[in-house]
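Accompanying notes for the structure given below.
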Amino acid sequence: MALLKKINQILLLLLVLTVCAILYNRVHQVPSALKNETVDLESPEQMEEEIPVVICAAAGRMGAAIAAISSIYSNTEANVLFYVVGLKTTIPHIRKWIENSKLKEIKFKVVEFNPMVLKGKIRQDASRPELLQPLNFVRFYLPLLIQKHEKVIYLDDDIIVQGDIQELYDTKLAPGHAAAFSDDCDLPSTHEMVRSVGMQNTYMGFLDYRKQAIRDLGISPSTCSFNPGVIVANMTEWKHQRITKQLEKWMQRNVEENLYSSTLGGGVATSPMLIVFHGKYSTINPMWHIRHLGWSPDTHYSEHFLQEAKLLHWNGRYKPWDYPSVHTDLWEHWFIPDPSGKFKLTRPDS
């Protein structure tokens with residue numbers, strides 16, 4: 001009996017020790033578990049996909065790029081990497097502007113564009129010489145400038161973003177499509193403005209259908225055009241389809257045959273893109289490209305409509321940093337003055 005009692009005591013002691021050991025391990029594993037959870041929580045942020053946004057910084061209108069970048073950065077929590085493209089002579093200015101302003105916190109790379117790639121590909125046109133500036137053709141060469149990304153956003157500099165750029169980046173591209181654009185017929189709210197100022201929204205307004213090369217394309221002149229001021233591009237498809245080479249081919253043909261000009265649709269960069277991407281592009285949510293704000297100094301959108309817009313584009317002659325222009329308050333809200341004082345806004349009282 002005494003022996004049995006002794007065995008029971010030993011077993012009870014072992015049980016107590018086992019329970020204590022389990023409790024000890026659980027208590028002392030808590031910090032380790034919390035540490036692992038912290039790592040797991042941080043991992044998605046560390047591996048968060050970069051959103052590459054390409055914007056040009058041109059001489060004489062560098063403040064446009066600054067306002068565009070400021071508006072994007074202020075309206076998103078996404079991991080945005082800005083590719084600021086300029087010519088050799090303008091790069092020091094834009095870099096100092098960013099680094100000496102509140103934009104110094106952004107992630108950005110300055111990329112030099114070599115205008116020599118355009119040699120022999122641009123037909124001289126005196127009607128709107130600003131449209132022949134080299135940076136106007138940067139969008140043709142995206143894979144050469146931006147090499148490590150599968151998906152890229154290109155934006156003209158005369159825009160501001162009021163929504164989260166993540167939404168635009170999430171635009172779905174159909175299989176086989178190298179890019180997404182905004183159709184010029186996609187938003188009924190803009191149709192009245194288009195008609196009132198005589199803008200074109202079909203291929204007839206951009207291509208010279210008197211030329212046999214254009215008629216041979218088999219594209220109806222009443223086909224709705226699109227605006228390449230906002231592009232979501234798939235770099236793999238772009239390279240696979242040799243989009244840049246196709247665009248260059250039509251640029252060279254225009255030099256030889258004058259197939260389109262700035263006197264038609266108001267832009268020489270749009271026309272070759274209309275040809276190359278005809279029937280082979282996806283569409284962007286219309287509210288992510290509200291345009292024509294720079295087409296007339298006398299035509300306005302409703303304030304409610306503009307507040308709902310995700311992106312505003314002052315395409316046309318009347319830019320928001322100049323005078324006259326419309327809805328300048330919406331643009332100027334995001335503008336950051338030039339620390340060097342070289343770039344100044346043009347206003348009635350200036």
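By order of appearance in the structure tokens: chains A, B, ..., then residues from 1 within every chain, and ligands from 1 in the order shown.
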Subject >> Contact residues around A:Pro115 with only C-alpha atoms at 12 Å, ignoring same-chain residues under 2 positions, as a ChimeraX atom specification >> reply: /A:85-89,112-113,117-122,132-138,141
Export of the given selection (N, CA, C and O atoms) as a PDB file, in the first residue's frame:
ATOM      1  N   VAL A  85      10.494  62.389 -67.043  1.00  0.00           N
ATOM      2  CA  VAL A  85      11.283  62.354 -68.278  1.00  0.00           C
ATOM      3  C   VAL A  85      11.546  63.782 -68.760  1.00  0.00           C
ATOM      4  O   VAL A  85      10.613  64.599 -68.852  1.00  0.00           O
ATOM      5  N   GLY A  86      12.782  64.060 -69.069  1.00  0.00           N
ATOM      6  CA  GLY A  86      13.131  65.390 -69.554  1.00  0.00           C
ATOM      7  C   GLY A  86      14.274  65.333 -70.544  1.00  0.00           C
ATOM      8  O   GLY A  86      14.859  64.277 -70.795  1.00  0.00           O
ATOM      9  N   LEU A  87      14.581  66.486 -71.119  1.00  0.00           N
ATOM     10  CA  LEU A  87      15.763  66.614 -71.961  1.00  0.00           C
ATOM     11  C   LEU A  87      16.962  66.964 -71.083  1.00  0.00           C
ATOM     12  O   LEU A  87      16.801  67.392 -69.935  1.00  0.00           O
ATOM     13  N   LYS A  88      18.126  66.783 -71.613  1.00  0.00           N
ATOM     14  CA  LYS A  88      19.349  66.991 -70.830  1.00  0.00           C
ATOM     15  C   LYS A  88      19.389  68.376 -70.192  1.00  0.00           C
ATOM     16  O   LYS A  88      19.833  68.536 -69.053  1.00  0.00           O
ATOM     17  N   THR A  89      18.881  69.369 -70.909  1.00  0.00           N
ATOM     18  CA  THR A  89      18.965  70.758 -70.416  1.00  0.00           C
ATOM     19  C   THR A  89      17.962  71.056 -69.305  1.00  0.00           C
ATOM     20  O   THR A  89      18.149  72.012 -68.547  1.00  0.00           O
ATOM     21  N   GLU A 112      16.479  60.770 -68.880  1.00  0.00           N
ATOM     22  CA  GLU A 112      16.786  61.664 -70.001  1.00  0.00           C
ATOM     23  C   GLU A 112      16.286  61.044 -71.308  1.00  0.00           C
ATOM     24  O   GLU A 112      16.550  59.882 -71.595  1.00  0.00           O
ATOM     25  N   PHE A 113      15.554  61.841 -72.069  1.00  0.00           N
ATOM     26  CA  PHE A 113      15.076  61.407 -73.380  1.00  0.00           C
ATOM     27  C   PHE A 113      15.988  61.991 -74.450  1.00  0.00           C
ATOM     28  O   PHE A 113      16.225  63.198 -74.484  1.00  0.00           O
ATOM     29  N   VAL A 117      16.402  60.062 -81.429  1.00  0.00           N
ATOM     30  CA  VAL A 117      15.620  58.913 -81.915  1.00  0.00           C
ATOM     31  C   VAL A 117      14.512  59.369 -82.858  1.00  0.00           C
ATOM     32  O   VAL A 117      13.954  58.568 -83.614  1.00  0.00           O
ATOM     33  N   LEU A 118      14.203  60.666 -82.845  1.00  0.00           N
ATOM     34  CA  LEU A 118      13.127  61.200 -83.695  1.00  0.00           C
ATOM     35  C   LEU A 118      13.631  61.750 -85.022  1.00  0.00           C
ATOM     36  O   LEU A 118      12.835  62.204 -85.847  1.00  0.00           O
ATOM     37  N   LYS A 119      14.933  61.693 -85.227  1.00  0.00           N
ATOM     38  CA  LYS A 119      15.502  62.271 -86.443  1.00  0.00           C
ATOM     39  C   LYS A 119      14.886  61.637 -87.693  1.00  0.00           C
ATOM     40  O   LYS A 119      14.850  60.425 -87.849  1.00  0.00           O
ATOM     41  N   GLY A 120      14.370  62.487 -88.575  1.00  0.00           N
ATOM     42  CA  GLY A 120      13.762  62.031 -89.821  1.00  0.00           C
ATOM     43  C   GLY A 120      12.353  61.489 -89.675  1.00  0.00           C
ATOM     44  O   GLY A 120      11.777  60.993 -90.639  1.00  0.00           O
ATOM     45  N   LYS A 121      11.774  61.612 -88.487  1.00  0.00           N
ATOM     46  CA  LYS A 121      10.452  61.026 -88.247  1.00  0.00           C
ATOM     47  C   LYS A 121       9.362  62.063 -87.973  1.00  0.00           C
ATOM     48  O   LYS A 121       8.196  61.702 -87.794  1.00  0.00           O
ATOM     49  N   ILE A 122       9.731  63.342 -87.905  1.00  0.00           N
ATOM     50  CA  ILE A 122       8.742  64.375 -87.604  1.00  0.00           C
ATOM     51  C   ILE A 122       8.665  65.355 -88.757  1.00  0.00           C
ATOM     52  O   ILE A 122       9.668  65.966 -89.146  1.00  0.00           O
ATOM     53  N   LEU A 132       5.316  69.610 -81.723  1.00  0.00           N
ATOM     54  CA  LEU A 132       6.434  68.887 -82.320  1.00  0.00           C
ATOM     55  C   LEU A 132       7.604  68.734 -81.357  1.00  0.00           C
ATOM     56  O   LEU A 132       8.648  68.205 -81.725  1.00  0.00           O
ATOM     57  N   GLN A 133       7.417  69.207 -80.125  1.00  0.00           N
ATOM     58  CA  GLN A 133       8.484  69.087 -79.143  1.00  0.00           C
ATOM     59  C   GLN A 133       8.799  67.616 -78.873  1.00  0.00           C
ATOM     60  O   GLN A 133       7.896  66.771 -78.806  1.00  0.00           O
ATOM     61  N   PRO A 134      10.087  67.272 -78.727  1.00  0.00           N
ATOM     62  CA  PRO A 134      10.473  65.858 -78.582  1.00  0.00           C
ATOM     63  C   PRO A 134       9.724  65.099 -77.488  1.00  0.00           C
ATOM     64  O   PRO A 134       9.354  63.939 -77.672  1.00  0.00           O
ATOM     65  N   LEU A 135       9.488  65.757 -76.342  1.00  0.00           N
ATOM     66  CA  LEU A 135       8.859  65.047 -75.231  1.00  0.00           C
ATOM     67  C   LEU A 135       7.412  64.654 -75.530  1.00  0.00           C
ATOM     68  O   LEU A 135       6.850  63.794 -74.848  1.00  0.00           O
ATOM     69  N   ASN A 136       6.835  65.250 -76.550  1.00  0.00           N
ATOM     70  CA  ASN A 136       5.479  64.882 -76.933  1.00  0.00           C
ATOM     71  C   ASN A 136       5.413  63.449 -77.468  1.00  0.00           C
ATOM     72  O   ASN A 136       4.329  62.856 -77.551  1.00  0.00           O
ATOM     73  N   PHE A 137       6.580  62.898 -77.808  1.00  0.00           N
ATOM     74  CA  PHE A 137       6.631  61.555 -78.389  1.00  0.00           C
ATOM     75  C   PHE A 137       7.203  60.513 -77.430  1.00  0.00           C
ATOM     76  O   PHE A 137       7.416  59.364 -77.813  1.00  0.00           O
ATOM     77  N   VAL A 138       7.417  60.904 -76.187  1.00  0.00           N
ATOM     78  CA  VAL A 138       7.935  59.966 -75.189  1.00  0.00           C
ATOM     79  C   VAL A 138       7.035  58.740 -75.075  1.00  0.00           C
ATOM     80  O   VAL A 138       7.501  57.610 -74.914  1.00  0.00           O
ATOM     81  N   TYR A 141       7.882  55.534 -76.816  1.00  0.00           N
ATOM     82  CA  TYR A 141       9.110  54.820 -76.472  1.00  0.00           C
ATOM     83  C   TYR A 141       9.127  54.294 -75.037  1.00  0.00           C
ATOM     84  O   TYR A 141      10.200  54.110 -74.456  1.00  0.00           O
TER      85      TYR A 141
END
Residues near stretch 211-219 of chain A, cut-off 12 Å, only C-alpha atoms, skip fewer than 3 positions along chain, as an mmCIF file with N, CA, C and O atoms, in the first residue's frame:
data_model
loop_
_atom_site.group_PDB
_atom_site.id
_atom_site.type_symbol
_atom_site.label_atom_id
_atom_site.label_comp_id
_atom_site.auth_asym_id
_atom_site.auth_seq_id
_atom_site.Cartn_x
_atom_site.Cartn_y
_atom_site.Cartn_z
ATOM 1 N N THR A 202 -13.735 61.834 -84.120
ATOM 2 C CA THR A 202 -13.676 60.685 -85.020
ATOM 3 C C THR A 202 -12.350 60.706 -85.786
ATOM 4 O O THR A 202 -11.634 61.710 -85.789
ATOM 5 N N TYR A 203 -12.052 59.609 -86.453
ATOM 6 C CA TYR A 203 -10.803 59.499 -87.216
ATOM 7 C C TYR A 203 -10.717 60.558 -88.319
ATOM 8 O O TYR A 203 -9.619 60.975 -88.703
ATOM 9 N N MET A 204 -11.870 60.988 -88.822
ATOM 10 C CA MET A 204 -11.889 62.022 -89.860
ATOM 11 C C MET A 204 -11.162 63.284 -89.401
ATOM 12 O O MET A 204 -10.558 64.000 -90.210
ATOM 13 N N PHE A 206 -8.533 63.491 -87.610
ATOM 14 C CA PHE A 206 -7.098 63.308 -87.380
ATOM 15 C C PHE A 206 -6.320 62.841 -88.605
ATOM 16 O O PHE A 206 -5.128 63.108 -88.722
ATOM 17 N N LEU A 207 -6.985 62.123 -89.494
ATOM 18 C CA LEU A 207 -6.296 61.558 -90.659
ATOM 19 C C LEU A 207 -6.833 62.177 -91.943
ATOM 20 O O LEU A 207 -8.014 62.530 -92.033
ATOM 21 N N ASP A 208 -5.979 62.307 -92.938
ATOM 22 C CA ASP A 208 -6.361 62.911 -94.214
ATOM 23 C C ASP A 208 -6.882 61.810 -95.148
ATOM 24 O O ASP A 208 -6.095 61.111 -95.797
ATOM 25 N N SER A 222 -15.783 57.710 -89.642
ATOM 26 C CA SER A 222 -16.676 58.034 -88.518
ATOM 27 C C SER A 222 -16.352 57.232 -87.263
ATOM 28 O O SER A 222 -17.030 57.358 -86.244
ATOM 29 N N THR A 223 -15.288 56.426 -87.320
ATOM 30 C CA THR A 223 -14.865 55.657 -86.147
ATOM 31 C C THR A 223 -14.472 56.604 -85.021
ATOM 32 O O THR A 223 -13.772 57.592 -85.242
ATOM 33 N N CYS A 224 -14.919 56.303 -83.817
ATOM 34 C CA CYS A 224 -14.602 57.151 -82.671
ATOM 35 C C CYS A 224 -13.103 57.115 -82.378
ATOM 36 O O CYS A 224 -12.485 56.043 -82.364
ATOM 37 N N SER A 225 -12.526 58.271 -82.167
ATOM 38 C CA SER A 225 -11.105 58.367 -81.844
ATOM 39 C C SER A 225 -10.895 58.159 -80.341
ATOM 40 O O SER A 225 -11.847 57.986 -79.583
ATOM 41 N N TRP A 250 4.734 54.830 -89.253
ATOM 42 C CA TRP A 250 3.729 55.807 -89.684
ATOM 43 C C TRP A 250 4.227 57.242 -89.547
ATOM 44 O O TRP A 250 3.819 58.120 -90.316
ATOM 45 N N ARG A 253 6.204 57.652 -92.723
ATOM 46 C CA ARG A 253 5.310 57.785 -93.878
ATOM 47 C C ARG A 253 4.662 59.160 -93.911
ATOM 48 O O ARG A 253 4.425 59.722 -94.988
ATOM 49 N N ASN A 254 4.382 59.717 -92.738
ATOM 50 C CA ASN A 254 3.796 61.054 -92.708
ATOM 51 C C ASN A 254 4.784 62.101 -93.204
ATOM 52 O O ASN A 254 4.402 63.070 -93.873
ATOM 53 N N GLU A 256 6.910 61.638 -95.479
ATOM 54 C CA GLU A 256 6.964 61.485 -96.935
ATOM 55 C C GLU A 256 5.665 61.852 -97.633
ATOM 56 O O GLU A 256 5.675 62.407 -98.738
ATOM 57 N N GLU A 257 4.514 61.569 -96.990
ATOM 58 C CA GLU A 257 3.228 61.691 -97.684
ATOM 59 C C GLU A 257 2.242 62.675 -97.046
ATOM 60 O O GLU A 257 1.159 62.898 -97.599
ATOM 61 N N ASN A 258 2.587 63.259 -95.903
ATOM 62 C CA ASN A 258 1.711 64.218 -95.219
ATOM 63 C C ASN A 258 0.309 63.618 -94.988
ATOM 64 O O ASN A 258 -0.698 64.127 -95.457
ATOM 65 N N LEU A 259 0.276 62.536 -94.220
ATOM 66 C CA LEU A 259 -0.969 61.811 -93.977
ATOM 67 C C LEU A 259 -1.818 62.432 -92.876
ATOM 68 O O LEU A 259 -3.013 62.172 -92.781
ATOM 69 N N TYR A 260 -1.195 63.214 -92.038
ATOM 70 C CA TYR A 260 -1.915 63.883 -90.948
ATOM 71 C C TYR A 260 -1.102 65.103 -90.547
ATOM 72 O O TYR A 260 0.076 65.213 -90.846
ATOM 73 N N SER A 271 -2.337 60.827 -84.076
ATOM 74 C CA SER A 271 -2.692 60.172 -85.336
ATOM 75 C C SER A 271 -2.030 58.812 -85.541
ATOM 76 O O SER A 271 -2.717 57.835 -85.864
ATOM 77 N N PRO A 272 -0.706 58.688 -85.397
ATOM 78 C CA PRO A 272 -0.121 57.349 -85.584
ATOM 79 C C PRO A 272 -0.623 56.335 -84.568
ATOM 80 O O PRO A 272 -0.729 55.143 -84.877
ATOM 81 N N LEU A 274 -3.679 56.294 -83.361
ATOM 82 C CA LEU A 274 -5.006 55.892 -83.827
ATOM 83 C C LEU A 274 -4.898 54.790 -84.877
ATOM 84 O O LEU A 274 -5.715 53.862 -84.916
ATOM 85 N N ILE A 275 -3.891 54.899 -85.718
ATOM 86 C CA ILE A 275 -3.695 53.884 -86.764
ATOM 87 C C ILE A 275 -3.237 52.557 -86.161
ATOM 88 O O ILE A 275 -3.824 51.498 -86.410
ATOM 89 N N VAL A 276 -2.201 52.607 -85.353
ATOM 90 C CA VAL A 276 -1.582 51.384 -84.828
ATOM 91 C C VAL A 276 -2.497 50.636 -83.859
ATOM 92 O O VAL A 276 -2.536 49.400 -83.855
ATOM 93 N N PHE A 277 -3.246 51.385 -83.058
ATOM 94 C CA PHE A 277 -4.075 50.741 -82.032
ATOM 95 C C PHE A 277 -5.529 50.541 -82.465
ATOM 96 O O PHE A 277 -6.347 50.106 -81.647
ATOM 97 N N HIS A 278 -5.849 50.830 -83.699
ATOM 98 C CA HIS A 278 -7.246 50.697 -84.132
ATOM 99 C C HIS A 278 -7.781 49.285 -83.858
ATOM 100 O O HIS A 278 -7.213 48.290 -84.310
ATOM 101 N N GLY A 279 -8.867 49.218 -83.087
ATOM 102 C CA GLY A 279 -9.506 47.941 -82.781
ATOM 103 C C GLY A 279 -8.717 47.032 -81.866
ATOM 104 O O GLY A 279 -9.094 45.873 -81.669
#
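Shell of stretch 77-81 of chain A at 8 Å, with only C-alpha atoms counted and residues fewer than 2 places along the chain excluded, is Glu48, Glu49, Glu50, Ile51, Pro52, Val53, Tyr73, Asn75, Tyr83, Ile106, Lys107, Phe108, Lys109, Asp164, Ile165 and Gln166 of chain A.
Among the candidates A:Ile69, A:Phe140, A:Tyr154, A:Thr346, the residue lying nearest to A:Lys249 is A:Phe140 (atoms considered: only C-alpha atoms).
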Subject >> Sel. of strand (DSSP E) residues, stretch 97-325 of chain A, as a PyMOL selection string >> reply: chain A and resi 107-112+151-155+159-161+179-183+226-234+282-283+311-313
**OP:** Quick one: everything within 8 Å of A:Leu173, counting only C-alpha atoms, minus sequence neighbours fewer than 6 positions away in the same chain. Send it as a PyMOL selection string.
**Re:** chain A and resi 179-180+234+281-283
Which stretch 102-204 of chain A residues have any atom within 7 Å of an atom of stretch 293-312 of chain A, and for each, what is the nearest pair of atoms with distance in Å to one decimal, counting only C-alpha atoms, rows sorted by chain and number, as a Markdown table?
| residue | atom | partner | partner_atom | distance |
| --- | --- | --- | --- | --- |
| A:Ile159 | CA | A:Leu312 | CA | 5.4 |
| A:Ile160 | CA | A:Leu312 | CA | 5.5 |
| A:Val161 | CA | A:Leu311 | CA | 4.4 |
| A:Gln162 | CA | A:Lys310 | CA | 4.8 |
| A:Gly163 | CA | A:Lys310 | CA | 4.5 |
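Each of A:Ala174, A:Ile66, A:Met235, A:Ile72 was compared to A:Leu144 using only C-alpha atoms, and A:Met235 turns out to be the nearest.
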Subject >> Selection near stretch 333-336 of chain A, 12 Å with only C-alpha atoms, sequence-local residues under 6 positions removed, as a ChimeraX atom specification >> reply: /A:61-75,97-98,100-104,158-162,320-321,327,343-345
Subject >> Neighbour list for A:Leu155 as a list of chain:residue names, cut-off 7 Å, only C-alpha atoms, skip fewer than 2 positions in-chain >> reply: A:Val54, A:Ile55, A:Ile153, A:Asp157, A:Gly229, A:Val230, A:Ile231
Atoms kept (all heavy atoms) for selection, written as an mmCIF file, in the first residue's frame:
data_model
loop_
_atom_site.group_PDB
_atom_site.id
_atom_site.type_symbol
_atom_site.label_atom_id
_atom_site.label_comp_id
_atom_site.auth_asym_id
_atom_site.auth_seq_id
_atom_site.Cartn_x
_atom_site.Cartn_y
_atom_site.Cartn_z
ATOM 1 N N VAL A 54 4.679 57.643 -65.582
ATOM 2 C CA VAL A 54 5.580 58.408 -66.437
ATOM 3 C C VAL A 54 4.978 59.773 -66.735
ATOM 4 O O VAL A 54 3.840 59.870 -67.218
ATOM 5 C CB VAL A 54 5.834 57.664 -67.768
ATOM 6 C CG1 VAL A 54 6.760 58.473 -68.668
ATOM 7 C CG2 VAL A 54 6.416 56.280 -67.499
ATOM 8 N N ILE A 55 5.728 60.832 -66.436
ATOM 9 C CA ILE A 55 5.304 62.204 -66.713
ATOM 10 C C ILE A 55 6.496 62.971 -67.270
ATOM 11 O O ILE A 55 7.617 62.852 -66.755
ATOM 12 C CB ILE A 55 4.777 62.908 -65.443
ATOM 13 C CG1 ILE A 55 3.517 62.211 -64.928
ATOM 14 C CG2 ILE A 55 4.489 64.380 -65.709
ATOM 15 C CD1 ILE A 55 2.961 62.828 -63.660
ATOM 16 N N ILE A 153 1.767 53.404 -66.271
ATOM 17 C CA ILE A 153 0.829 54.490 -66.548
ATOM 18 C C ILE A 153 1.611 55.643 -67.166
ATOM 19 O O ILE A 153 2.641 56.064 -66.629
ATOM 20 C CB ILE A 153 0.130 54.981 -65.263
ATOM 21 C CG1 ILE A 153 -0.777 53.890 -64.689
ATOM 22 C CG2 ILE A 153 -0.682 56.254 -65.531
ATOM 23 C CD1 ILE A 153 -1.380 54.255 -63.341
ATOM 24 N N ASP A 157 1.405 66.009 -69.081
ATOM 25 C CA ASP A 157 1.715 66.862 -67.936
ATOM 26 C C ASP A 157 0.583 67.816 -67.563
ATOM 27 O O ASP A 157 0.508 68.281 -66.423
ATOM 28 C CB ASP A 157 3.013 67.646 -68.179
ATOM 29 C CG ASP A 157 2.930 68.584 -69.383
ATOM 30 O OD1 ASP A 157 1.924 68.544 -70.124
ATOM 31 O OD2 ASP A 157 3.887 69.356 -69.600
ATOM 32 N N GLY A 229 -3.548 60.907 -74.007
ATOM 33 C CA GLY A 229 -2.961 61.685 -72.914
ATOM 34 C C GLY A 229 -2.938 60.930 -71.604
ATOM 35 O O GLY A 229 -2.229 61.306 -70.666
ATOM 36 N N VAL A 230 -3.733 59.864 -71.532
ATOM 37 C CA VAL A 230 -3.729 58.958 -70.374
ATOM 38 C C VAL A 230 -3.661 57.542 -70.935
ATOM 39 O O VAL A 230 -4.535 57.128 -71.687
ATOM 40 C CB VAL A 230 -4.996 59.128 -69.513
ATOM 41 C CG1 VAL A 230 -5.004 58.107 -68.376
ATOM 42 C CG2 VAL A 230 -5.088 60.545 -68.955
ATOM 43 N N ILE A 231 -2.616 56.822 -70.569
ATOM 44 C CA ILE A 231 -2.401 55.470 -71.101
ATOM 45 C C ILE A 231 -2.078 54.516 -69.962
ATOM 46 O O ILE A 231 -1.256 54.834 -69.089
ATOM 47 C CB ILE A 231 -1.231 55.437 -72.106
ATOM 48 C CG1 ILE A 231 -1.403 56.481 -73.215
ATOM 49 C CG2 ILE A 231 -1.080 54.045 -72.709
ATOM 50 C CD1 ILE A 231 -0.182 56.610 -74.131
#
Subject >> For atom CA of A:Trp288 and atom CA of A:Ala233, the interatomic separation in Å (one decimal) >> reply: 14.9 Å
